[in-house]
Amino acid sequence: MSAFPQLKSEYSEGFFSIPSHGFLPIHEPLSVLPERYSGIQAIIDNMPVIKSDGSEGYLSVPGGIVEPVLTLEDYCELVKIEEDVFVIAALYRALTFIASAYLLEKAHHEKGIEENYGQARQLLPKTVSKSLVEVANKLGVYPFLDYHYAYALGNYNKIDKEGSFEYKNLKMACAFSGKSDESGFIMLHVDIVSHSPQLLKSIWDFNREANIESLKLNYDAMLKINERRKVMWEASNWRNYNDFRVFIMGIKGNTSIFGSSGVVYEDCFDNIPQQFRGQSGSQDDIIPTMDIFTGVYKYYPDNVLTRYLIDMRSYRPAPVRDFFNDLQNCNYDMETFAIIGLEGLIYLLAIVNEIYLFRNGHWMFVQKYILSTTRYPVATGGTPITSWLPNQIEAVLNYKVDIIQRIDTDYPNCNNSMYCKLKEDIAGQFLVLRNQQMELEKEDYNPDVVHSFNTAVEYDKNVPSAKCPFKH
Ligand code: HEM
């Protein structure tokens with residue numbers, strides 16, 4: 001029996017169930033709302049810029065969404081008595097989509113030539129606000145488009161029901177642009193997360209008995225996750241990211257879009273304006289889980305950027321929040337892995353390196369999908385775009401240095417080939433980050449230069465180079 005506090009056998013609210021289903025829902029989310037909510041479903045069906053039948057929807061025309069929203073019948077009393085968590089999640093998904101579409105379509109259409117965004121609406125009509133607040137309360141989350149129940153994990157439907165979670169076999173139940181780049185972008189998140197059951201199994205195994213087999217399983221899961229992560233370059237063209245990005249913007253931190261006070265949810269919260277962070281992969285659970293499991297989180301610097309990361313934890317469903325708390329109470333860190341001996345430390349280093357590769361490859365996405373297409377300085381989650389991700393990459397690199405030093409001290413003759421390779425790589429990884437940070441400190445930084453530091457050392461071989469040039 002392990003000396004660490006034991007994780008519960010299940011963390012669930014009936015929609016997610018950790019660890020058996022990883023971070024995905026227990027079964028496929030509803031594709032459409034039950035007939036009794038046909039008015040809401042009709043807006044969802046007719047809303048995307050390009051609808052599923054190929055014709056243009058409300059969002060293709062400035063102001064096109066306004067009348068359907070203002071004339072939506074009030075579903076609040078019906079929503080109040082709803083008890084099926086899959087219906088509640090689908091309602092939350094539909095209502096948050098409609099809310100973001102209504103609030104942000106102006107910002108989308110007014111997007112300037114400098115690629116900054118226009119202004120959002122600041123009043124969410126009561127036809128949507130009351131029902132939305134009701135379902136959000138039932139789920140215990142904020143009444144604003146999130147990653148778990150709304151945009152990503154609770155939004156997939158399989159095309160071939162017997163088929164895999166490969167993103168090409170998945171489609172979005174609700175969409176903004178309705179184009180393949182939006183679907184590829186967010187369905188690849190589901191594809192990646194479909195490998196989380198193995199990741200969580202390894203953590204539960206380790207929690208029961210800290211041994212090499214569980215670390216090997218964990219490492220293999222991270223390899224698979226990183227392999228799928230690289231597919232983003234083919235799943236969604238970075239040049240088209242702005243087609244849908246503005247619709248996932250949050251209120252908090254995005255004052256130039258939403259103003260400084262926030263959004264009034266008509267007839268809710270005493271009509272006091274509210275601010276919530278936007279939908280973002282930073283609400284995903286794989287990387288934070290790995291940070292807590294390996295002890296990376298102890299290397300987060302004590303600064304405002306780290307506080308964003310911790311704040312982001314509150315944007316997750318209750319079972320995920322509970323799991324993170326319990327995992328953190330295990331207090332795992334380098335000492336935990338050192339007890340297993342040299343192999344434990346090398347596996348720790350290799351696993352932390354996979355966290356680095358994920359973060360660095362992901363930072364490359366941000367350089368292309370965002371920095372190359374807009375100078376707008378705030379991410380959808382409300383964090384500063386050029387400094388937040390490097391903050392966490394630096395924490396991971398610092399931890400790797402300490403693990404290497406520990407191995408060198410305790411095992412001075414270690415010539416394990418994986419270890420030697422990981423040790424050799426670290427200086428170059430620091431250099432890439434430093435060069436990028438120096439370029440980004442310039443007011444007129446060049447995103448292509450930032451990105452080129454990566455391709456020069458080819459850390460991410462799946463990045464399209466010659467065929468899809470980054471210069472534009
Ligand atoms: C083109 C693809 C992607 C882009 C452009 C992108 C963009 C971003 C941005 C801008 C942030 C900063 C936080 C914020 O929104 O305020 C962020 C954070 C984050 N994203 Fe993504 N993301 C992408 C794909 C993914 C995927 C596929 C995952 C995981 C399945 C993911 C997981 C995360 C995580 C965990 C963070 C928090 C940062 C950290 O812990 O260091 N992202 N992303």
# chains A, B, ... in the order shown; residues from 1 in each chain; ligands from 1
call {"tool": "residues_near_ligand", "arguments": {"ligand": "ligand 1", "cutoff": "7 Å", "atoms": "only C-alpha atoms and all ligand atoms", "output": "ChimeraX atom specification"}}
result
/A:185,188-189,192-193,229,232,238,280-288,309,359,362,365-366,369-370,378-385,388-389,392-393
call {"tool": "select_by_dssp", "arguments": {"residues": "range 13-261 of chain A", "states": "alpha helix (DSSP H)", "output": "PyMOL selection string"}}
result
chain A and resi 38-46+66-70+76-80+85-109+126-139+180-193+196-208+212-229+232-235+242-245+255-258
call {"tool": "write_last_selection", "arguments": {"atoms": "C-alpha atoms", "output": "CSV table (one decimal), in the first residue's frame"}}
result
chain,number,residue,atom,x,y,z
A,38,SER,CA,-36.7,23.3,-30.5
A,39,GLY,CA,-36.5,27.1,-30.4
A,40,ILE,CA,-33.0,27.0,-29.0
A,41,GLN,CA,-32.0,24.3,-31.4
A,42,ALA,CA,-33.3,26.3,-34.3
A,43,ILE,CA,-30.9,29.1,-33.5
A,44,ILE,CA,-28.0,26.7,-33.2
A,45,ASP,CA,-28.8,25.1,-36.5
A,46,ASN,CA,-29.2,28.4,-38.3
A,66,VAL,CA,-30.1,39.8,-33.1
A,67,GLU,CA,-33.8,39.2,-34.0
A,68,PRO,CA,-33.7,35.4,-33.4
A,69,VAL,CA,-32.2,36.0,-30.0
A,70,LEU,CA,-34.6,38.8,-29.0
A,76,CYS,CA,-36.4,29.2,-18.0
A,77,GLU,CA,-39.2,27.3,-16.2
A,78,LEU,CA,-38.6,24.2,-18.3
A,79,VAL,CA,-34.9,24.4,-17.7
A,80,LYS,CA,-35.4,24.7,-14.0
A,85,VAL,CA,-27.2,15.9,-16.8
A,86,PHE,CA,-26.6,15.2,-20.5
A,87,VAL,CA,-29.5,17.4,-21.4
A,88,ILE,CA,-28.3,20.1,-19.0
A,89,ALA,CA,-24.9,20.0,-20.5
A,90,ALA,CA,-26.3,20.2,-24.0
A,91,LEU,CA,-28.5,23.2,-22.9
A,92,TYR,CA,-25.4,24.9,-21.4
A,93,ARG,CA,-23.5,24.3,-24.6
A,94,ALA,CA,-26.3,25.7,-26.8
A,95,LEU,CA,-27.0,28.7,-24.6
A,96,THR,CA,-23.3,29.6,-24.2
A,97,PHE,CA,-22.8,29.4,-28.0
A,98,ILE,CA,-25.8,31.6,-28.6
A,99,ALA,CA,-24.6,34.1,-25.9
A,100,SER,CA,-21.1,34.3,-27.4
A,101,ALA,CA,-22.5,34.6,-30.9
A,102,TYR,CA,-24.8,37.4,-29.9
A,103,LEU,CA,-22.3,39.3,-27.8
A,104,LEU,CA,-19.3,38.9,-30.2
A,105,GLU,CA,-20.7,39.0,-33.8
A,106,LYS,CA,-20.3,42.8,-33.8
A,107,ALA,CA,-16.6,42.4,-32.8
A,108,HIS,CA,-16.3,39.8,-35.6
A,109,HIS,CA,-17.8,41.9,-38.3
A,126,LYS,CA,-33.1,37.8,-20.8
A,127,THR,CA,-34.3,35.4,-23.4
A,128,VAL,CA,-30.9,33.8,-23.1
A,129,SER,CA,-29.4,35.0,-19.8
A,130,LYS,CA,-32.0,33.6,-17.4
A,131,SER,CA,-31.9,30.0,-18.8
A,132,LEU,CA,-28.1,30.2,-19.1
A,133,VAL,CA,-27.5,31.2,-15.5
A,134,GLU,CA,-29.9,28.4,-14.4
A,135,VAL,CA,-28.1,25.6,-16.3
A,136,ALA,CA,-24.7,27.0,-15.3
A,137,ASN,CA,-25.7,26.9,-11.7
A,138,LYS,CA,-26.9,23.3,-12.1
A,139,LEU,CA,-23.5,22.3,-13.4
A,180,SER,CA,-13.5,22.7,-41.5
A,181,ASP,CA,-10.7,24.7,-39.9
A,182,GLU,CA,-12.9,25.3,-36.8
A,183,SER,CA,-14.0,21.7,-36.6
A,184,GLY,CA,-10.4,20.4,-37.1
A,185,PHE,CA,-9.1,22.8,-34.5
A,186,ILE,CA,-11.4,21.9,-31.7
A,187,MET,CA,-12.1,18.2,-32.6
A,188,LEU,CA,-8.3,17.6,-32.4
A,189,HIS,CA,-8.5,18.6,-28.8
A,190,VAL,CA,-11.0,15.8,-28.3
A,191,ASP,CA,-8.8,13.5,-30.3
A,192,ILE,CA,-5.8,14.3,-28.0
A,193,VAL,CA,-7.9,14.0,-24.8
A,196,SER,CA,-6.2,10.6,-21.3
A,197,PRO,CA,-7.6,7.3,-19.9
A,198,GLN,CA,-4.2,5.6,-20.2
A,199,LEU,CA,-2.6,8.7,-18.7
A,200,LEU,CA,-4.9,8.6,-15.7
A,201,LYS,CA,-4.6,4.9,-15.3
A,202,SER,CA,-0.8,5.3,-14.9
A,203,ILE,CA,-1.4,7.9,-12.2
A,204,TRP,CA,-3.8,5.8,-10.3
A,205,ASP,CA,-1.4,2.8,-10.6
A,206,PHE,CA,1.4,5.0,-9.3
A,207,ASN,CA,-0.8,6.2,-6.5
A,208,ARG,CA,-1.4,2.6,-5.4
A,212,ILE,CA,8.5,1.9,-12.9
A,213,GLU,CA,5.7,0.2,-14.8
A,214,SER,CA,3.3,3.0,-14.0
A,215,LEU,CA,5.9,5.6,-15.1
A,216,LYS,CA,6.4,3.8,-18.3
A,217,LEU,CA,2.7,3.8,-19.0
A,218,ASN,CA,2.6,7.5,-18.2
A,219,TYR,CA,5.5,8.2,-20.5
A,220,ASP,CA,3.9,6.2,-23.4
A,221,ALA,CA,0.7,8.1,-22.9
A,222,MET,CA,2.5,11.4,-23.1
A,223,LEU,CA,4.3,10.2,-26.3
A,224,LYS,CA,1.0,9.5,-27.9
A,225,ILE,CA,-0.5,12.8,-26.7
A,226,ASN,CA,2.4,14.7,-28.2
A,227,GLU,CA,2.1,12.7,-31.4
A,228,ARG,CA,-1.5,13.7,-31.8
A,229,ARG,CA,-0.8,17.3,-30.7
A,232,MET,CA,-2.9,20.4,-35.4
A,233,TRP,CA,-0.9,21.8,-38.4
A,234,GLU,CA,-2.9,19.6,-40.8
A,235,ALA,CA,-6.2,19.7,-38.8
A,242,ASN,CA,-9.4,34.3,-37.0
A,243,ASP,CA,-12.6,33.0,-38.8
A,244,PHE,CA,-13.8,31.8,-35.4
A,245,ARG,CA,-11.4,33.0,-32.8
A,255,THR,CA,-11.5,45.3,-22.1
A,256,SER,CA,-10.9,46.7,-25.6
A,257,ILE,CA,-13.6,44.3,-26.8
A,258,PHE,CA,-16.0,44.2,-23.8
call {"tool": "residues_around", "arguments": {"residues": "Gln367 in chain A", "least_positions_apart": "5", "cutoff": "7 Å", "atoms": "only C-alpha atoms", "output": "list in words"}}
result
Ser372, Pro447 and His451 of chain A
call {"tool": "write_last_selection", "arguments": {"atoms": "N, CA and C atoms", "output": "tab-separated table (two decimals), in the first residue's frame"}}
result
chain	number	residue	atom	x	y	z
A	372	SER	N	1.09	35.64	-35.68
A	372	SER	CA	1.27	35.97	-37.10
A	372	SER	C	0.02	36.58	-37.72
A	447	PRO	N	6.90	38.04	-35.62
A	447	PRO	CA	6.50	36.68	-35.26
A	447	PRO	C	7.24	35.61	-36.03
A	451	HIS	N	9.30	32.55	-34.37
A	451	HIS	CA	9.04	31.17	-34.76
A	451	HIS	C	10.29	30.50	-35.34
call {"tool": "select_by_dssp", "arguments": {"residues": "range 128-294 of chain A", "states": "strand (DSSP E or B)", "output": "JSON, numbers by chain"}}
result
{"A": [156, 157, 158, 170, 171, 172, 263, 264, 265, 274]}
call {"tool": "atom_distance", "arguments": {"atom1": "CA of Leu433 in chain A", "atom2": "CA of Glu394 in chain A"}}
result
7.8 Å
call {"tool": "atom_distance", "arguments": {"atom1": "CA of Tyr58 in chain A", "atom2": "CA of Ile248 in chain A"}}
result
17.0 Å
call {"tool": "atom_distance", "arguments": {"atom1": "CA of Ile50 in chain A", "atom2": "CA of Glu35 in chain A"}}
result
23.5 Å
call {"tool": "closest_atom_pairs", "arguments": {"of": "range 318-348 of chain A", "to": "range 398-418 of chain A", "cutoff": "8 Å", "atoms": "only C-alpha atoms", "output": "Markdown table"}}
result
| residue | atom | partner | partner_atom | distance |
| --- | --- | --- | --- | --- |
| A:Met334 | CA | A:Ile403 | CA | 7.2 |
| A:Leu342 | CA | A:Ile407 | CA | 7.1 |
| A:Leu345 | CA | A:Ile407 | CA | 7.1 |
| A:Ile346 | CA | A:Met418 | CA | 7.9 |
call {"tool": "closest_residue", "arguments": {"among": "A:Ser314, A:Ser387, A:Gln328, A:Gln429", "to": "Asn353 in chain A", "atoms": "only C-alpha atoms"}}
result
A:Gln429
call {"tool": "closest_residue", "arguments": {"among": "A:Leu327, A:Leu349, A:Leu145, A:Ala150", "to": "Gly278 in chain A", "atoms": "only C-alpha atoms"}}
result
A:Leu145
call {"tool": "closest_residue", "arguments": {"among": "A:Ser177, A:Ser55, A:Gln122, A:Asn446", "to": "Tyr241 in chain A", "atoms": "only C-alpha atoms"}}
result
A:Ser177
call {"tool": "closest_residue", "arguments": {"among": "A:Asn331, A:Thr455, A:Thr386, A:Ser260", "to": "Tyr297 in chain A", "atoms": "only C-alpha atoms"}}
result
A:Asn331
call {"tool": "closest_residue", "arguments": {"among": "A:Asp84, A:Tyr347, A:Leu124, A:Lys111", "to": "Val264 in chain A", "atoms": "only C-alpha atoms"}}
result
A:Leu124
